[in-house]
Amino acid sequence: MAGLTREGFTPDTYEAILERIKNRLTVFSPGMDLSPESPDGQLAEIFSFELAQCWSELGLVYDSYNPDVAVGAGLRNVGLITGLPYGGATRSQADVELVGTADTIVPKNSIVTDADGNEFYTQLDARIPSTVEVVADTSGPILVPIGTLVNIATPVAGWNSVTQVTAGRAGAVAQTDVEYRNLRNRTVMRNFVSVAETISARMFETLGIEQVVVINNDSAVIAPDGTPVQTIHVTVGEIDPAITDMDIAKVILSTKGLGCPTFGSTTVANVPDVQGHLHSISFTRAAAQQVFVNLQVTYLSSDSAGATENIRDALIGHINGLLANEDVIWSRLFGLITPHAKAQIDLLELSTDGVTYNPANILLGASEYAATVAGQINIVVN
């Protein structure tokens, strides 16, 4: 019988539970009709299914300590132990200038909008002329480049117009379990003393950038990606459009070793240190390589509700969580599919253009990172 042993916890299966119940009922009443068509057989199957669900939940409770398996609240609690809070959804924000009759008071929670009707609320009472912060009514990545917020939705006598002369910061969607698990696994050693780990941790903690690759070439030869000897090469992947090159350069400058040159395709001049001295910092912004997945599965159990959506979310989380220059390994994707349902994988192919598919890895260059969205994950249930 399955259960808790010295080797771990093994949930009992639906089939094993049903067989055990049928055997005991047969001993209790020889000749009892336990076929699926009979009332007694159907009752046995109902009880077996419910018990199997309980066993499955017990397995999740047992694994709640394991960051590689835990989900939901269990995973978030494990992350908090290591000082990494869960990334919830955030709202876009921006600074706008209020224009109109001098000394007019624009009250807190006054609304301005963009051309698409997205509403942003002022965060405090402001006196014209002044600049005030506005925050989106709904969470998520609403882009707010310069000149986006130009409409007044809350009439105030003396308030004539609103202008936005600086780019705002877009919000973010909440992390999935897979994205959070990948992030935690990469940052759990953020207090380690290596330059690579330190820069990666500071990029996330200061700017929220998750995809960071650092090559610290302390060898006597040029690195394969072209990084010169005794030089640091930082590559960043997907980032918030509001984060500037100067923001990234300042983090690199404050974290790298003294007197250590930097390398990359983007160079930022006149980066000030804490004493006001100016430096030139180089790094690389990786480009997105779109990934398309074509999957065909056959579910081997009737207990597959929500499996297709969960599989799609798992694939998206894994692919988008890969670092720059980290290949999409075809064989690793199988392990993201089977946990959500008993399934036979009939076909699994990858593509970079959505036209030509192959059951093979997608290899990424030093200045590329993998990216995908739900519309690029095609799942057919046979």
# chains A, B, ... in the order shown; residues from 1 in each chain; ligands from 1
>>> residues_around(residues="stretch 59-76 of chain A", least_positions_apart="2", cutoff="8 Å", atoms="only C-alpha atoms", output="ChimeraX atom specification")
/A:9-11,55-57,78-80,85-86,177,181
>>> write_last_selection(atoms="N, CA and C atoms", output="mmCIF file, in the first residue's frame")
data_model
loop_
_atom_site.group_PDB
_atom_site.id
_atom_site.type_symbol
_atom_site.label_atom_id
_atom_site.label_comp_id
_atom_site.auth_asym_id
_atom_site.auth_seq_id
_atom_site.Cartn_x
_atom_site.Cartn_y
_atom_site.Cartn_z
ATOM 1 N N PHE A 9 6.816 10.133 0.047
ATOM 2 C CA PHE A 9 5.372 9.910 0.057
ATOM 3 C C PHE A 9 4.916 9.545 -1.348
ATOM 4 N N THR A 10 4.213 8.421 -1.464
ATOM 5 C CA THR A 10 3.697 7.967 -2.753
ATOM 6 C C THR A 10 2.175 7.882 -2.673
ATOM 7 N N PRO A 11 1.462 8.778 -3.348
ATOM 8 C CA PRO A 11 -0.002 8.748 -3.292
ATOM 9 C C PRO A 11 -0.559 7.449 -3.872
ATOM 10 N N TRP A 55 -5.756 11.486 -1.606
ATOM 11 C CA TRP A 55 -4.368 11.046 -1.649
ATOM 12 C C TRP A 55 -3.514 12.048 -2.427
ATOM 13 N N SER A 56 -4.051 12.542 -3.532
ATOM 14 C CA SER A 56 -3.316 13.502 -4.341
ATOM 15 C C SER A 56 -3.035 14.778 -3.558
ATOM 16 N N GLU A 57 -4.032 15.255 -2.816
ATOM 17 C CA GLU A 57 -3.849 16.456 -2.011
ATOM 18 C C GLU A 57 -2.834 16.221 -0.898
ATOM 19 N N VAL A 78 7.723 28.985 0.801
ATOM 20 C CA VAL A 78 9.121 28.575 0.660
ATOM 21 C C VAL A 78 9.960 29.743 0.163
ATOM 22 N N GLY A 79 9.402 30.501 -0.786
ATOM 23 C CA GLY A 79 10.127 31.659 -1.290
ATOM 24 C C GLY A 79 10.366 32.703 -0.220
ATOM 25 N N LEU A 80 9.380 32.932 0.654
ATOM 26 C CA LEU A 80 9.529 33.925 1.714
ATOM 27 C C LEU A 80 10.623 33.528 2.700
ATOM 28 N N PRO A 85 9.810 37.613 -2.089
ATOM 29 C CA PRO A 85 8.346 37.674 -2.127
ATOM 30 C C PRO A 85 7.808 37.355 -3.505
ATOM 31 N N TYR A 86 6.575 36.861 -3.527
ATOM 32 C CA TYR A 86 5.899 36.518 -4.779
ATOM 33 C C TYR A 86 5.581 37.775 -5.561
ATOM 34 N N ASP A 177 3.206 30.153 -11.077
ATOM 35 C CA ASP A 177 4.018 29.304 -10.199
ATOM 36 C C ASP A 177 5.335 28.939 -10.864
ATOM 37 N N ARG A 181 8.943 29.916 -9.475
ATOM 38 C CA ARG A 181 9.882 28.846 -9.112
ATOM 39 C C ARG A 181 11.216 29.035 -9.824
#
>>> residues_around(residues="A:Gly259", least_positions_apart="2", cutoff="12 Å", atoms="only C-alpha atoms", output="NGL selection string")
:A and (230-232 or 253-257 or 261-262 or 279-281)
>>> write_last_selection(atoms="C-alpha atoms", output="PDB file, in the first residue's frame")
ATOM      1  CA  GLN A 230      39.622  40.530 -17.446  1.00  0.00           C
ATOM      2  CA  THR A 231      36.274  42.006 -18.481  1.00  0.00           C
ATOM      3  CA  ILE A 232      32.636  41.634 -17.398  1.00  0.00           C
ATOM      4  CA  LEU A 253      28.735  50.213 -11.910  1.00  0.00           C
ATOM      5  CA  SER A 254      27.690  49.936  -8.266  1.00  0.00           C
ATOM      6  CA  THR A 255      28.119  46.152  -8.255  1.00  0.00           C
ATOM      7  CA  LYS A 256      31.120  45.223 -10.398  1.00  0.00           C
ATOM      8  CA  GLY A 257      34.674  45.090  -9.093  1.00  0.00           C
ATOM      9  CA  PRO A 261      36.082  47.065 -17.603  1.00  0.00           C
ATOM     10  CA  THR A 262      32.721  46.118 -19.093  1.00  0.00           C
ATOM     11  CA  HIS A 279      32.372  56.173 -16.024  1.00  0.00           C
ATOM     12  CA  SER A 280      31.591  54.407 -19.301  1.00  0.00           C
ATOM     13  CA  ILE A 281      29.595  51.185 -18.857  1.00  0.00           C
TER      14      ILE A 281
END
>>> residues_around(residues="stretch 282-286 of chain A", least_positions_apart="2", cutoff="7 Å", atoms="only C-alpha atoms", output="PyMOL selection string")
chain A and resi 233-237+262-268+280+288+324+367-369
>>> closest_residue(among="A:Val135, A:Ala44, A:Ala366, A:Val381", to="A:Gly226", atoms="only C-alpha atoms")
A:Ala366
>>> select_by_dssp(residues="stretch 94-198 of chain A", states="strand (DSSP E)", output="ChimeraX atom specification")
/A:94-100,105-106,111-113,119-122,126-127,130-139,151-152,159-163
>>> closest_atom_pairs(of="stretch 72-97 of chain A", to="stretch 109-116 of chain A", cutoff="12 Å", atoms="only C-alpha atoms", output="JSON lines")
{"residue": "A:Gln93", "atom": "CA", "partner": "A:Val112", "partner_atom": "CA", "distance": 11.7}
{"residue": "A:Ala94", "atom": "CA", "partner": "A:Val112", "partner_atom": "CA", "distance": 11.0}
{"residue": "A:Asp95", "atom": "CA", "partner": "A:Val112", "partner_atom": "CA", "distance": 11.3}
{"residue": "A:Val96", "atom": "CA", "partner": "A:Val112", "partner_atom": "CA", "distance": 9.3}
{"residue": "A:Glu97", "atom": "CA", "partner": "A:Val112", "partner_atom": "CA", "distance": 11.2}
>>> write_last_selection(atoms="N, CA and C atoms", output="PDB file, in the first residue's frame")
ATOM      1  N   GLN A  93       2.146  53.368 -13.812  1.00  0.00           N
ATOM      2  CA  GLN A  93       2.135  54.678 -13.178  1.00  0.00           C
ATOM      3  C   GLN A  93       2.950  55.660 -14.016  1.00  0.00           C
ATOM      4  N   ALA A  94       2.674  56.937 -13.817  1.00  0.00           N
ATOM      5  CA  ALA A  94       3.376  57.973 -14.571  1.00  0.00           C
ATOM      6  C   ALA A  94       3.239  59.295 -13.833  1.00  0.00           C
ATOM      7  N   ASP A  95       4.083  60.257 -14.224  1.00  0.00           N
ATOM      8  CA  ASP A  95       3.991  61.624 -13.704  1.00  0.00           C
ATOM      9  C   ASP A  95       3.408  62.518 -14.793  1.00  0.00           C
ATOM     10  N   VAL A  96       2.417  63.320 -14.422  1.00  0.00           N
ATOM     11  CA  VAL A  96       1.792  64.225 -15.392  1.00  0.00           C
ATOM     12  C   VAL A  96       1.826  65.650 -14.853  1.00  0.00           C
ATOM     13  N   GLU A  97       1.845  66.611 -15.773  1.00  0.00           N
ATOM     14  CA  GLU A  97       1.835  68.024 -15.408  1.00  0.00           C
ATOM     15  C   GLU A  97       0.418  68.581 -15.555  1.00  0.00           C
TER      16      GLU A  97
END
>>> residues_around(residues="A:Gly168", least_positions_apart="2", cutoff="8 Å", atoms="only C-alpha atoms", output="list in words")
Ser92, Gln93, Ala94, Asp95, Leu143, Val144, Pro145, Ile146, Thr166, Ala170 and Ala242 of chain A
>>> write_last_selection(atoms="C-alpha atoms", output="PDB file, in the first residue's frame")
ATOM      1  CA  SER A  92       1.192  51.225 -14.400  1.00  0.00           C
ATOM      2  CA  GLN A  93       2.135  54.678 -13.178  1.00  0.00           C
ATOM      3  CA  ALA A  94       3.376  57.973 -14.571  1.00  0.00           C
ATOM      4  CA  ASP A  95       3.991  61.624 -13.704  1.00  0.00           C
ATOM      5  CA  LEU A 143       2.276  51.083 -21.640  1.00  0.00           C
ATOM      6  CA  VAL A 144       2.649  54.781 -20.846  1.00  0.00           C
ATOM      7  CA  PRO A 145       5.293  56.310 -23.145  1.00  0.00           C
ATOM      8  CA  ILE A 146       5.685  60.080 -23.351  1.00  0.00           C
ATOM      9  CA  THR A 166       8.335  61.695 -19.218  1.00  0.00           C
ATOM     10  CA  ALA A 170       4.250  49.847 -17.090  1.00  0.00           C
ATOM     11  CA  ALA A 242      10.469  52.330 -18.767  1.00  0.00           C
TER      12      ALA A 242
END
>>> closest_residue(among="A:Asn216, A:Gly158, A:Asp240, A:Asn151", to="A:Ala172", atoms="only C-alpha atoms")
A:Asp240
>>> atom_distance(atom1="atom CA of A:Asp353", atom2="atom CA of A:Leu315")
17.2 Å
>>> select_by_dssp(residues="stretch 5-134 of chain A", states="helix (DSSP H, G or I)", output="PyMOL selection string")
chain A and resi 14-28+39-65+72-81
>>> write_last_selection(atoms="C-alpha atoms", output="PDB file, in the first residue's frame")
ATOM      1  CA  TYR A  14      -7.397   5.550  -8.244  1.00  0.00           C
ATOM      2  CA  GLU A  15      -7.000   2.117  -9.838  1.00  0.00           C
ATOM      3  CA  ALA A  16      -5.400   0.618  -6.720  1.00  0.00           C
ATOM      4  CA  ILE A  17      -8.064   2.079  -4.426  1.00  0.00           C
ATOM      5  CA  LEU A  18     -10.903   0.822  -6.640  1.00  0.00           C
ATOM      6  CA  GLU A  19      -9.415  -2.671  -6.843  1.00  0.00           C
ATOM      7  CA  ARG A  20      -8.957  -2.835  -3.078  1.00  0.00           C
ATOM      8  CA  ILE A  21     -12.532  -1.702  -2.371  1.00  0.00           C
ATOM      9  CA  LYS A  22     -13.945  -4.204  -4.874  1.00  0.00           C
ATOM     10  CA  ASN A  23     -11.942  -7.054  -3.338  1.00  0.00           C
ATOM     11  CA  ARG A  24     -13.152  -6.255   0.161  1.00  0.00           C
ATOM     12  CA  LEU A  25     -16.770  -5.924  -0.965  1.00  0.00           C
ATOM     13  CA  THR A  26     -16.486  -9.276  -2.717  1.00  0.00           C
ATOM     14  CA  VAL A  27     -15.173 -10.873   0.485  1.00  0.00           C
ATOM     15  CA  PHE A  28     -17.998  -9.255   2.435  1.00  0.00           C
ATOM     16  CA  PRO A  39     -25.342   0.776  -8.774  1.00  0.00           C
ATOM     17  CA  ASP A  40     -22.848  -0.877  -6.407  1.00  0.00           C
ATOM     18  CA  GLY A  41     -20.075  -0.679  -9.005  1.00  0.00           C
ATOM     19  CA  GLN A  42     -20.785   2.982  -9.667  1.00  0.00           C
ATOM     20  CA  LEU A  43     -20.823   3.732  -5.935  1.00  0.00           C
ATOM     21  CA  ALA A  44     -17.442   2.003  -5.525  1.00  0.00           C
ATOM     22  CA  GLU A  45     -16.000   4.069  -8.364  1.00  0.00           C
ATOM     23  CA  ILE A  46     -17.325   7.321  -6.863  1.00  0.00           C
ATOM     24  CA  PHE A  47     -15.789   6.592  -3.469  1.00  0.00           C
ATOM     25  CA  SER A  48     -12.531   5.476  -5.091  1.00  0.00           C
ATOM     26  CA  PHE A  49     -12.273   8.696  -7.093  1.00  0.00           C
ATOM     27  CA  GLU A  50     -12.857  10.879  -4.024  1.00  0.00           C
ATOM     28  CA  LEU A  51     -10.282   8.935  -2.021  1.00  0.00           C
ATOM     29  CA  ALA A  52      -7.781   9.235  -4.864  1.00  0.00           C
ATOM     30  CA  GLN A  53      -8.296  13.004  -4.819  1.00  0.00           C
ATOM     31  CA  CYS A  54      -7.549  13.039  -1.081  1.00  0.00           C
ATOM     32  CA  TRP A  55      -4.368  11.046  -1.649  1.00  0.00           C
ATOM     33  CA  SER A  56      -3.316  13.502  -4.341  1.00  0.00           C
ATOM     34  CA  GLU A  57      -3.849  16.456  -2.011  1.00  0.00           C
ATOM     35  CA  LEU A  58      -1.852  14.715   0.728  1.00  0.00           C
ATOM     36  CA  GLY A  59       0.972  14.369  -1.762  1.00  0.00           C
ATOM     37  CA  LEU A  60       0.887  18.123  -2.386  1.00  0.00           C
ATOM     38  CA  VAL A  61       0.955  18.765   1.363  1.00  0.00           C
ATOM     39  CA  TYR A  62       4.002  16.502   1.740  1.00  0.00           C
ATOM     40  CA  ASP A  63       5.784  18.266  -1.137  1.00  0.00           C
ATOM     41  CA  SER A  64       4.936  21.779   0.076  1.00  0.00           C
ATOM     42  CA  TYR A  65       8.467  22.065   1.506  1.00  0.00           C
ATOM     43  CA  GLY A  72       0.415  27.982  -4.764  1.00  0.00           C
ATOM     44  CA  ALA A  73       0.705  29.129  -1.161  1.00  0.00           C
ATOM     45  CA  GLY A  74       3.252  26.403  -0.366  1.00  0.00           C
ATOM     46  CA  LEU A  75       5.642  27.670  -3.037  1.00  0.00           C
ATOM     47  CA  ARG A  76       5.198  31.280  -1.941  1.00  0.00           C
ATOM     48  CA  ASN A  77       5.935  30.372   1.691  1.00  0.00           C
ATOM     49  CA  VAL A  78       9.121  28.575   0.660  1.00  0.00           C
ATOM     50  CA  GLY A  79      10.127  31.659  -1.290  1.00  0.00           C
ATOM     51  CA  LEU A  80       9.529  33.925   1.714  1.00  0.00           C
ATOM     52  CA  ILE A  81      11.866  31.763   3.808  1.00  0.00           C
TER      53      ILE A  81
END
>>> closest_residue(among="A:Pro228, A:Ile222, A:Ala341, A:Pro155", to="A:Glu309", atoms="only C-alpha atoms")
A:Ala341
>>> atom_distance(atom1="atom CA of A:Thr90", atom2="atom CA of A:Asn320")
18.6 Å
>>> closest_residue(among="A:Gln376, A:Ile243, A:Gln211, A:Val271", to="A:Glu326", atoms="only C-alpha atoms")
A:Gln211
>>> closest_residue(among="A:Leu336, A:Leu347, A:Val134, A:Ala287", to="A:Leu364", atoms="only C-alpha atoms")
A:Ala287
